[in-house]
Amino acid sequence: MNNMNAQDEQFALFHNKSAHEKVEYFKRDGRVFDMVISQQLDRSFLDTIYNITNMLRDISKTKEGAVFLQSLLPHKRAMLYFAQPSSRTFLSFENACHLLGMRTSEIRDTSVSSEVKGESSDDSLRTFSSYTDLIIMRHKERDSAERAAWLLNTFSNRPVPVINGGSGADQHPTQAILDIYTLQRSFHLQGGLDRKTILMVGDLKRGRTVRSLSYLMKNYKDMRLIFAAPKAFQMEKDILEFLDEHKIAYTIETESMERVLPLADAIYMTRIQDEHDAGSGASGRVDISKFKLRLEHMNKVKSSAVILHPFPRRDEIDVAIDPDPRAKYWREERNGMWTRAALIAFIFNVHEEILQYDGPMPIKRF
Ligand code: CP
């Protein structure tokens, strides 16, 4: 506490506010401006992103459509500040920006930025906002994106939107958006996402994707969650309290994933997040053998079920399962580019142009 500077103290006051207050703070003129926490994502917003995404992916399939999309934001520039490793989030955001005609700059390693000379992350962010119109960031600190959005809104003469591409072990809201999109599309012939059971498996304690996705369950009717993980990796109390508060049913399975597999409409596998072990090797001492999906398990999985994984994966899903039509994780990964383009279009308020596009679209839409 003694090492806190004046900015740290001011941020601590903001950080202690309720999620509801923060949701309001991250708006501008009543609309989402920064995308920082999953609690910002209500049903209306998710349905809007779903519709924009469906239009956008169809429009992009013709040359005329692609040129139209690139005409929407050629006057905007995005900064991709990824201080933690990433393949999918970085590449899908970069390509989402390019789909909309935006130019991009990047820092993927703080050892090649002026942070190595002692510049603070705060000052780096203010510098990025001097040159660009959007900051998309990933950082190992849990409150990194929240602080960036607060900082730029509070101090910068040129506040630009901040999108959280993963903040420590806490949140990954744009992954939750693409996961919900994938689920909505998968279940569109099965009455939508309402009344479905989602089985989450793996490192639920430190998995920012499962944490962010859990918050979204409040938007759908009669959802049920099953958390399957050894005790050491079980879901944290704050998420369980949120589910209790919103009367969302959940059960906790600590012995084996296998016996709950037949109950699931969606199976969301995750890897062990051992980058948070700080070199202790603690994760390696936990037996996770009963929380891996193998080909022989597939006869226990509903024929209508879908299998998701935010990736990267290790061996928690056998590659032999990949050709099974229930395996949707490769589609899920590609959906990240479309949903992120839809989000950026929404933030810059050009989404109505996408929704109203009446040019050629060769693919029959459902
Ligand atoms: N799902 C996800 O965040 O993947 P990356 O770490 O590769 O970005």
# chains A, B, ... in the order shown; residues from 1 in each chain; ligands from 1
>>> select_by_dssp(residues="stretch 64-223 of chain A", states="helix (DSSP H, G or I)", output="number ranges by chain")
A: 64-70, 88-99, 110-112, 114-117, 121-131, 144-155, 173-186, 208-219
>>> residues_around(residues="A:Val36", least_positions_apart="3", cutoff="12 Å", atoms="only C-alpha atoms", output="PDB file with N, CA and C atoms, in the first residue's frame")
ATOM      1  N   ALA A  19     -19.973  -3.897 -10.010  1.00  0.00           N
ATOM      2  CA  ALA A  19     -19.962  -4.188 -11.454  1.00  0.00           C
ATOM      3  C   ALA A  19     -20.998  -3.322 -12.166  1.00  0.00           C
ATOM      4  N   LYS A  22     -19.612   0.041 -12.839  1.00  0.00           N
ATOM      5  CA  LYS A  22     -18.587  -0.016 -13.890  1.00  0.00           C
ATOM      6  C   LYS A  22     -19.243  -0.166 -15.270  1.00  0.00           C
ATOM      7  N   VAL A  23     -20.296  -0.967 -15.343  1.00  0.00           N
ATOM      8  CA  VAL A  23     -20.999  -1.139 -16.620  1.00  0.00           C
ATOM      9  C   VAL A  23     -21.452   0.227 -17.153  1.00  0.00           C
ATOM     10  N   GLU A  24     -21.966   1.061 -16.254  1.00  0.00           N
ATOM     11  CA  GLU A  24     -22.411   2.403 -16.675  1.00  0.00           C
ATOM     12  C   GLU A  24     -21.212   3.255 -17.083  1.00  0.00           C
ATOM     13  N   TYR A  25     -20.115   3.132 -16.336  1.00  0.00           N
ATOM     14  CA  TYR A  25     -18.922   3.924 -16.615  1.00  0.00           C
ATOM     15  C   TYR A  25     -18.342   3.598 -17.998  1.00  0.00           C
ATOM     16  N   PHE A  26     -18.463   2.334 -18.408  1.00  0.00           N
ATOM     17  CA  PHE A  26     -17.869   1.926 -19.688  1.00  0.00           C
ATOM     18  C   PHE A  26     -18.765   2.262 -20.883  1.00  0.00           C
ATOM     19  N   LYS A  27     -19.817   3.065 -20.627  1.00  0.00           N
ATOM     20  CA  LYS A  27     -20.680   3.513 -21.730  1.00  0.00           C
ATOM     21  C   LYS A  27     -20.349   4.953 -22.092  1.00  0.00           C
ATOM     22  N   VAL A  32     -22.352   1.075 -25.339  1.00  0.00           N
ATOM     23  CA  VAL A  32     -21.080   0.464 -24.947  1.00  0.00           C
ATOM     24  C   VAL A  32     -19.945   1.190 -25.673  1.00  0.00           C
ATOM     25  N   PHE A  33     -18.939   1.619 -24.898  1.00  0.00           N
ATOM     26  CA  PHE A  33     -17.766   2.306 -25.454  1.00  0.00           C
ATOM     27  C   PHE A  33     -16.540   1.414 -25.242  1.00  0.00           C
ATOM     28  N   GLN A  39     -19.991  -8.610 -17.512  1.00  0.00           N
ATOM     29  CA  GLN A  39     -21.232  -8.094 -16.933  1.00  0.00           C
ATOM     30  C   GLN A  39     -21.834  -6.996 -17.819  1.00  0.00           C
ATOM     31  N   GLN A  40     -21.070  -6.472 -18.770  1.00  0.00           N
ATOM     32  CA  GLN A  40     -21.595  -5.473 -19.714  1.00  0.00           C
ATOM     33  C   GLN A  40     -22.511  -6.100 -20.763  1.00  0.00           C
ATOM     34  N   LEU A  41     -22.463  -7.428 -20.881  1.00  0.00           N
ATOM     35  CA  LEU A  41     -23.108  -8.092 -22.019  1.00  0.00           C
ATOM     36  C   LEU A  41     -24.506  -8.555 -21.654  1.00  0.00           C
ATOM     37  N   ILE A 135      -7.839   0.704 -28.512  1.00  0.00           N
ATOM     38  CA  ILE A 135      -6.781  -0.127 -27.919  1.00  0.00           C
ATOM     39  C   ILE A 135      -7.386  -1.494 -27.583  1.00  0.00           C
ATOM     40  N   ILE A 136      -6.785  -2.533 -28.145  1.00  0.00           N
ATOM     41  CA  ILE A 136      -7.186  -3.910 -27.844  1.00  0.00           C
ATOM     42  C   ILE A 136      -6.020  -4.497 -27.064  1.00  0.00           C
ATOM     43  N   MET A 137      -6.284  -4.995 -25.868  1.00  0.00           N
ATOM     44  CA  MET A 137      -5.143  -5.364 -25.023  1.00  0.00           C
ATOM     45  C   MET A 137      -5.319  -6.681 -24.291  1.00  0.00           C
ATOM     46  N   ARG A 138      -4.208  -7.314 -24.044  1.00  0.00           N
ATOM     47  CA  ARG A 138      -4.134  -8.506 -23.191  1.00  0.00           C
ATOM     48  C   ARG A 138      -2.979  -8.285 -22.237  1.00  0.00           C
ATOM     49  N   ARG A 142      -5.009  -8.920 -13.517  1.00  0.00           N
ATOM     50  CA  ARG A 142      -6.467  -9.113 -13.542  1.00  0.00           C
ATOM     51  C   ARG A 142      -7.229  -7.829 -13.855  1.00  0.00           C
ATOM     52  N   ASP A 143      -6.739  -6.707 -13.348  1.00  0.00           N
ATOM     53  CA  ASP A 143      -7.494  -5.460 -13.518  1.00  0.00           C
ATOM     54  C   ASP A 143      -6.912  -4.573 -14.631  1.00  0.00           C
ATOM     55  N   SER A 144      -6.084  -5.184 -15.526  1.00  0.00           N
ATOM     56  CA  SER A 144      -5.345  -4.388 -16.509  1.00  0.00           C
ATOM     57  C   SER A 144      -6.254  -3.607 -17.462  1.00  0.00           C
ATOM     58  N   ALA A 145      -7.242  -4.261 -18.051  1.00  0.00           N
ATOM     59  CA  ALA A 145      -8.102  -3.575 -19.038  1.00  0.00           C
ATOM     60  C   ALA A 145      -9.011  -2.576 -18.323  1.00  0.00           C
ATOM     61  N   GLU A 146      -9.447  -2.961 -17.129  1.00  0.00           N
ATOM     62  CA  GLU A 146     -10.294  -2.043 -16.354  1.00  0.00           C
ATOM     63  C   GLU A 146      -9.518  -0.764 -16.043  1.00  0.00           C
ATOM     64  N   ARG A 147      -8.276  -0.931 -15.649  1.00  0.00           N
ATOM     65  CA  ARG A 147      -7.464   0.246 -15.341  1.00  0.00           C
ATOM     66  C   ARG A 147      -7.226   1.089 -16.593  1.00  0.00           C
ATOM     67  N   ALA A 148      -6.967   0.414 -17.717  1.00  0.00           N
ATOM     68  CA  ALA A 148      -6.702   1.153 -18.968  1.00  0.00           C
ATOM     69  C   ALA A 148      -7.920   1.992 -19.345  1.00  0.00           C
ATOM     70  N   ALA A 149      -9.108   1.396 -19.272  1.00  0.00           N
ATOM     71  CA  ALA A 149     -10.329   2.131 -19.645  1.00  0.00           C
ATOM     72  C   ALA A 149     -10.564   3.292 -18.683  1.00  0.00           C
ATOM     73  N   TRP A 150     -10.364   3.036 -17.391  1.00  0.00           N
ATOM     74  CA  TRP A 150     -10.534   4.092 -16.381  1.00  0.00           C
ATOM     75  C   TRP A 150      -9.530   5.220 -16.621  1.00  0.00           C
ATOM     76  N   PRO A 161     -11.632   3.941 -27.077  1.00  0.00           N
ATOM     77  CA  PRO A 161     -12.191   2.722 -26.478  1.00  0.00           C
ATOM     78  C   PRO A 161     -11.098   1.689 -26.181  1.00  0.00           C
ATOM     79  N   VAL A 162     -11.331   0.930 -25.118  1.00  0.00           N
ATOM     80  CA  VAL A 162     -10.436  -0.166 -24.743  1.00  0.00           C
ATOM     81  C   VAL A 162     -11.229  -1.471 -24.836  1.00  0.00           C
ATOM     82  N   ILE A 163     -10.658  -2.451 -25.505  1.00  0.00           N
ATOM     83  CA  ILE A 163     -11.262  -3.794 -25.537  1.00  0.00           C
ATOM     84  C   ILE A 163     -10.326  -4.751 -24.810  1.00  0.00           C
ATOM     85  N   ASN A 164     -10.909  -5.506 -23.876  1.00  0.00           N
ATOM     86  CA  ASN A 164     -10.148  -6.469 -23.095  1.00  0.00           C
ATOM     87  C   ASN A 164     -10.000  -7.779 -23.876  1.00  0.00           C
ATOM     88  N   GLY A 165      -8.785  -8.102 -24.242  1.00  0.00           N
ATOM     89  CA  GLY A 165      -8.499  -9.366 -24.949  1.00  0.00           C
ATOM     90  C   GLY A 165      -7.968 -10.426 -24.000  1.00  0.00           C
ATOM     91  N   GLY A 166      -8.256 -10.267 -22.690  1.00  0.00           N
ATOM     92  CA  GLY A 166      -7.806 -11.234 -21.681  1.00  0.00           C
ATOM     93  C   GLY A 166      -7.037 -10.524 -20.590  1.00  0.00           C
ATOM     94  N   SER A 167      -7.614 -10.561 -19.365  1.00  0.00           N
ATOM     95  CA  SER A 167      -6.976  -9.867 -18.234  1.00  0.00           C
ATOM     96  C   SER A 167      -6.664 -10.886 -17.143  1.00  0.00           C
ATOM     97  N   ASP A 170      -8.760 -13.450 -14.763  1.00  0.00           N
ATOM     98  CA  ASP A 170     -10.067 -12.914 -14.400  1.00  0.00           C
ATOM     99  C   ASP A 170     -11.096 -13.001 -15.531  1.00  0.00           C
ATOM    100  N   GLN A 171     -10.889 -12.257 -16.622  1.00  0.00           N
ATOM    101  CA  GLN A 171     -11.953 -12.140 -17.628  1.00  0.00           C
ATOM    102  C   GLN A 171     -11.405 -12.168 -19.052  1.00  0.00           C
ATOM    103  N   HIS A 172     -12.269 -12.610 -19.964  1.00  0.00           N
ATOM    104  CA  HIS A 172     -11.962 -12.630 -21.401  1.00  0.00           C
ATOM    105  C   HIS A 172     -13.315 -12.419 -22.106  1.00  0.00           C
ATOM    106  N   PRO A 173     -13.862 -11.200 -22.014  1.00  0.00           N
ATOM    107  CA  PRO A 173     -15.254 -11.013 -22.466  1.00  0.00           C
ATOM    108  C   PRO A 173     -15.478 -11.241 -23.952  1.00  0.00           C
ATOM    109  N   THR A 174     -14.474 -10.963 -24.799  1.00  0.00           N
ATOM    110  CA  THR A 174     -14.736 -11.173 -26.235  1.00  0.00           C
ATOM    111  C   THR A 174     -14.697 -12.663 -26.587  1.00  0.00           C
ATOM    112  N   GLN A 175     -13.995 -13.459 -25.781  1.00  0.00           N
ATOM    113  CA  GLN A 175     -14.092 -14.917 -25.953  1.00  0.00           C
ATOM    114  C   GLN A 175     -15.514 -15.361 -25.588  1.00  0.00           C
ATOM    115  N   ALA A 176     -16.067 -14.771 -24.531  1.00  0.00           N
ATOM    116  CA  ALA A 176     -17.438 -15.119 -24.128  1.00  0.00           C
ATOM    117  C   ALA A 176     -18.427 -14.744 -25.232  1.00  0.00           C
ATOM    118  N   ILE A 177     -18.185 -13.615 -25.905  1.00  0.00           N
ATOM    119  CA  ILE A 177     -19.078 -13.212 -27.009  1.00  0.00           C
ATOM    120  C   ILE A 177     -19.021 -14.257 -28.129  1.00  0.00           C
ATOM    121  N   SER A 212     -15.792 -15.692 -17.683  1.00  0.00           N
ATOM    122  CA  SER A 212     -16.554 -14.701 -18.454  1.00  0.00           C
ATOM    123  C   SER A 212     -17.828 -15.310 -19.037  1.00  0.00           C
TER     124      SER A 212
END
>>> residues_around(residues="stretch 286-293 of chain A", least_positions_apart="3", cutoff="8 Å", atoms="only C-alpha atoms", output="JSON, numbers by chain")
{"A": [201, 202, 228, 229, 230, 232, 255, 256, 257, 258, 282, 283, 297, 315, 316, 317, 318]}
>>> closest_residue(among="A:Ile49, A:Cys97, A:Ala305, A:Ile347", to="A:Gln190", atoms="only C-alpha atoms")
A:Ala305
>>> residues_near_ligand(ligand="ligand 1", cutoff="12 Å", atoms="only C-alpha atoms and all ligand atoms", output="PyMOL selection string")
chain A and resi 82-94+108+137-140+164-169+171-179+207-210+212+269-271+273+275+308-313+329-330+332-337
>>> residues_around(residues="A:Phe233", least_positions_apart="4", cutoff="7 Å", atoms="only C-alpha atoms", output="PyMOL selection string")
chain A and resi 203-205+229
>>> residues_around(residues="stretch 215-226 of chain A", least_positions_apart="3", cutoff="6 Å", atoms="only C-alpha atoms", output="list of chain:residue names")
A:Arg43, A:Asp194, A:Arg195, A:Lys196, A:Thr197, A:Ile198, A:Leu199, A:Ser212, A:Ala249, A:Tyr250, A:Thr251, A:Ile252
>>> atom_distance(atom1="atom CA of A:Arg77", atom2="atom CA of A:Ser105")
7.7 Å
>>> closest_residue(among="A:His188, A:His75, A:Lys117, A:Lys302", to="A:Ala264", atoms="only C-alpha atoms")
A:Lys302
>>> closest_residue(among="A:Ile180, A:Val319, A:Leu69, A:Leu295", to="A:Asp47", atoms="only C-alpha atoms")
A:Ile180
>>> select_by_dssp(residues="stretch 52-176 of chain A", states="strand (DSSP E or B)", output="PyMOL selection string")
chain A and resi 77-82+103-107+134-139+162-167+171
>>> atom_distance(atom1="atom CA of A:Tyr181", atom2="atom CA of A:Arg57")
12.6 Å
>>> atom_distance(atom1="atom CA of A:Leu263", atom2="atom CA of A:Leu193")
15.2 Å
>>> closest_residue(among="A:Lys231, A:Arg326, A:Lys63, A:Arg31", to="A:Met298", atoms="only C-alpha atoms")
A:Arg326
>>> residues_around(residues="A:Ser113", least_positions_apart="2", cutoff="12 Å", atoms="only C-alpha atoms", output="PyMOL selection string")
chain A and resi 81-83+106-111+115-121+123-125+127-128
>>> closest_residue(among="A:Gly101, A:Thr53, A:Ile239, A:Asp265", to="A:Val67", atoms="only C-alpha atoms")
A:Gly101
>>> residues_around(residues="A:Asn54", least_positions_apart="4", cutoff="12 Å", atoms="only C-alpha atoms", output="list in words")
Asp47, Thr48, Ile49, Tyr50, Asp58, Ile59, Ser60, Lys61, Tyr181, Thr182, Gln184, Arg185, Asn335, Met337, Trp338, Thr339, Ala341, Ala342, His351, Ile354, Leu355, Met361, Ile363, Lys364, Arg365 and Phe366 of chain A
>>> write_last_selection(atoms="N, CA and C atoms", output="tab-separated table (two decimals), in the first residue's frame")
chain	number	residue	atom	x	y	z
A	47	ASP	N	-27.67	-10.28	-28.71
A	47	ASP	CA	-28.49	-10.55	-29.91
A	47	ASP	C	-28.11	-9.61	-31.05
A	48	THR	N	-27.80	-8.36	-30.70
A	48	THR	CA	-27.36	-7.40	-31.73
A	48	THR	C	-26.05	-7.87	-32.36
A	49	ILE	N	-25.11	-8.28	-31.53
A	49	ILE	CA	-23.82	-8.77	-32.06
A	49	ILE	C	-24.05	-10.01	-32.93
A	50	TYR	N	-24.97	-10.87	-32.52
A	50	TYR	CA	-25.30	-12.08	-33.29
A	50	TYR	C	-25.78	-11.70	-34.70
A	58	ASP	N	-21.65	-12.98	-44.13
A	58	ASP	CA	-22.22	-13.19	-45.46
A	58	ASP	C	-21.76	-12.11	-46.43
A	59	ILE	N	-21.79	-10.87	-45.97
A	59	ILE	CA	-21.38	-9.75	-46.84
A	59	ILE	C	-19.95	-9.97	-47.33
A	60	SER	N	-19.10	-10.47	-46.44
A	60	SER	CA	-17.67	-10.58	-46.76
A	60	SER	C	-17.39	-11.61	-47.85
A	61	LYS	N	-18.40	-12.39	-48.22
A	61	LYS	CA	-18.15	-13.50	-49.15
A	61	LYS	C	-18.12	-13.06	-50.61
A	181	TYR	N	-22.01	-16.75	-29.36
A	181	TYR	CA	-22.40	-16.76	-30.78
A	181	TYR	C	-22.39	-18.20	-31.31
A	182	THR	N	-21.33	-18.93	-31.00
A	182	THR	CA	-21.20	-20.31	-31.48
A	182	THR	C	-22.32	-21.19	-30.91
A	184	GLN	N	-25.29	-20.07	-29.83
A	184	GLN	CA	-26.56	-19.64	-30.42
A	184	GLN	C	-26.74	-20.23	-31.81
A	185	ARG	N	-25.68	-20.21	-32.60
A	185	ARG	CA	-25.76	-20.76	-33.96
A	185	ARG	C	-25.94	-22.28	-33.93
A	335	ASN	N	-15.19	-18.13	-35.64
A	335	ASN	CA	-16.23	-17.18	-35.25
A	335	ASN	C	-15.67	-15.99	-34.49
A	337	MET	N	-13.18	-14.14	-35.23
A	337	MET	CA	-12.87	-13.02	-36.14
A	337	MET	C	-14.15	-12.27	-36.50
A	338	TRP	N	-15.23	-13.01	-36.80
A	338	TRP	CA	-16.47	-12.34	-37.21
A	338	TRP	C	-17.10	-11.58	-36.05
A	339	THR	N	-17.14	-12.21	-34.89
A	339	THR	CA	-17.81	-11.53	-33.75
A	339	THR	C	-16.99	-10.32	-33.31
A	341	ALA	N	-15.15	-8.45	-35.28
A	341	ALA	CA	-15.42	-7.39	-36.27
A	341	ALA	C	-16.78	-6.75	-35.97
A	342	ALA	N	-17.76	-7.58	-35.60
A	342	ALA	CA	-19.10	-7.05	-35.27
A	342	ALA	C	-19.01	-6.12	-34.06
A	351	HIS	N	-22.54	-0.24	-37.34
A	351	HIS	CA	-23.19	-1.54	-37.48
A	351	HIS	C	-24.52	-1.47	-38.24
A	354	ILE	N	-24.08	-2.14	-41.77
A	354	ILE	CA	-23.92	-3.57	-42.05
A	354	ILE	C	-25.29	-4.25	-42.07
A	355	LEU	N	-26.11	-3.93	-41.06
A	355	LEU	CA	-27.42	-4.58	-40.95
A	355	LEU	C	-28.32	-4.22	-42.14
A	361	MET	N	-25.26	-11.13	-51.91
A	361	MET	CA	-24.83	-12.07	-50.87
A	361	MET	C	-25.09	-13.48	-51.39
A	363	ILE	N	-24.43	-16.49	-50.35
A	363	ILE	CA	-24.71	-17.64	-49.47
A	363	ILE	C	-26.14	-17.52	-48.93
A	364	LYS	N	-26.90	-18.61	-49.05
A	364	LYS	CA	-28.25	-18.60	-48.50
A	364	LYS	C	-28.18	-18.49	-46.98
A	365	ARG	N	-28.92	-17.55	-46.41
A	365	ARG	CA	-28.88	-17.34	-44.97
A	365	ARG	C	-30.00	-18.12	-44.33
A	366	PHE	N	-29.73	-18.65	-43.09
A	366	PHE	CA	-30.81	-19.37	-42.41
A	366	PHE	C	-31.69	-18.38	-41.68
>>> decode(residues="stretch 249-262 of chain A", atoms="N, CA, C and O atoms", output="compact mmCIF listing (two decimals), in the first residue's frame")
# COMPACT_ATOMS: atom_id res chain seq x y z
N ALA A 249 -28.98 -22.34 -11.91
CA ALA A 249 -28.68 -23.63 -11.29
C ALA A 249 -27.28 -24.11 -11.69
O ALA A 249 -26.88 -23.96 -12.86
N TYR A 250 -26.56 -24.64 -10.71
CA TYR A 250 -25.25 -25.24 -11.04
C TYR A 250 -24.98 -26.41 -10.11
O TYR A 250 -25.51 -26.47 -9.00
N THR A 251 -24.17 -27.35 -10.59
CA THR A 251 -23.69 -28.42 -9.73
C THR A 251 -22.18 -28.53 -9.89
O THR A 251 -21.63 -28.13 -10.93
N ILE A 252 -21.57 -29.08 -8.86
CA ILE A 252 -20.11 -29.19 -8.85
C ILE A 252 -19.73 -30.67 -8.83
O ILE A 252 -20.23 -31.43 -8.00
N GLU A 253 -18.88 -31.05 -9.77
CA GLU A 253 -18.46 -32.45 -9.90
C GLU A 253 -16.93 -32.48 -9.74
O GLU A 253 -16.22 -31.88 -10.55
N THR A 254 -16.47 -33.16 -8.70
CA THR A 254 -15.02 -33.15 -8.47
C THR A 254 -14.36 -34.50 -8.71
O THR A 254 -13.13 -34.61 -8.66
N GLU A 255 -15.16 -35.55 -8.96
CA GLU A 255 -14.57 -36.89 -9.08
C GLU A 255 -14.21 -37.25 -10.53
O GLU A 255 -13.11 -37.70 -10.81
N SER A 256 -15.17 -37.03 -11.44
CA SER A 256 -14.97 -37.47 -12.82
C SER A 256 -15.94 -36.76 -13.75
O SER A 256 -17.10 -36.54 -13.40
N MET A 257 -15.44 -36.45 -14.94
CA MET A 257 -16.30 -35.80 -15.94
C MET A 257 -17.27 -36.81 -16.55
O MET A 257 -18.37 -36.45 -16.97
N GLU A 258 -16.86 -38.07 -16.60
CA GLU A 258 -17.55 -39.08 -17.41
C GLU A 258 -19.02 -39.23 -17.02
O GLU A 258 -19.90 -39.30 -17.88
N ARG A 259 -19.30 -39.25 -15.71
CA ARG A 259 -20.67 -39.55 -15.31
C ARG A 259 -21.64 -38.41 -15.59
O ARG A 259 -22.85 -38.62 -15.61
N VAL A 260 -21.13 -37.19 -15.80
CA VAL A 260 -22.04 -36.08 -16.09
C VAL A 260 -22.12 -35.78 -17.60
O VAL A 260 -22.95 -34.98 -18.03
N LEU A 261 -21.30 -36.45 -18.39
CA LEU A 261 -21.31 -36.21 -19.85
C LEU A 261 -22.69 -36.35 -20.48
O LEU A 261 -23.08 -35.51 -21.31
N PRO A 262 -23.48 -37.39 -20.10
CA PRO A 262 -24.79 -37.56 -20.78
C PRO A 262 -25.77 -36.44 -20.50
O PRO A 262 -26.77 -36.31 -21.21
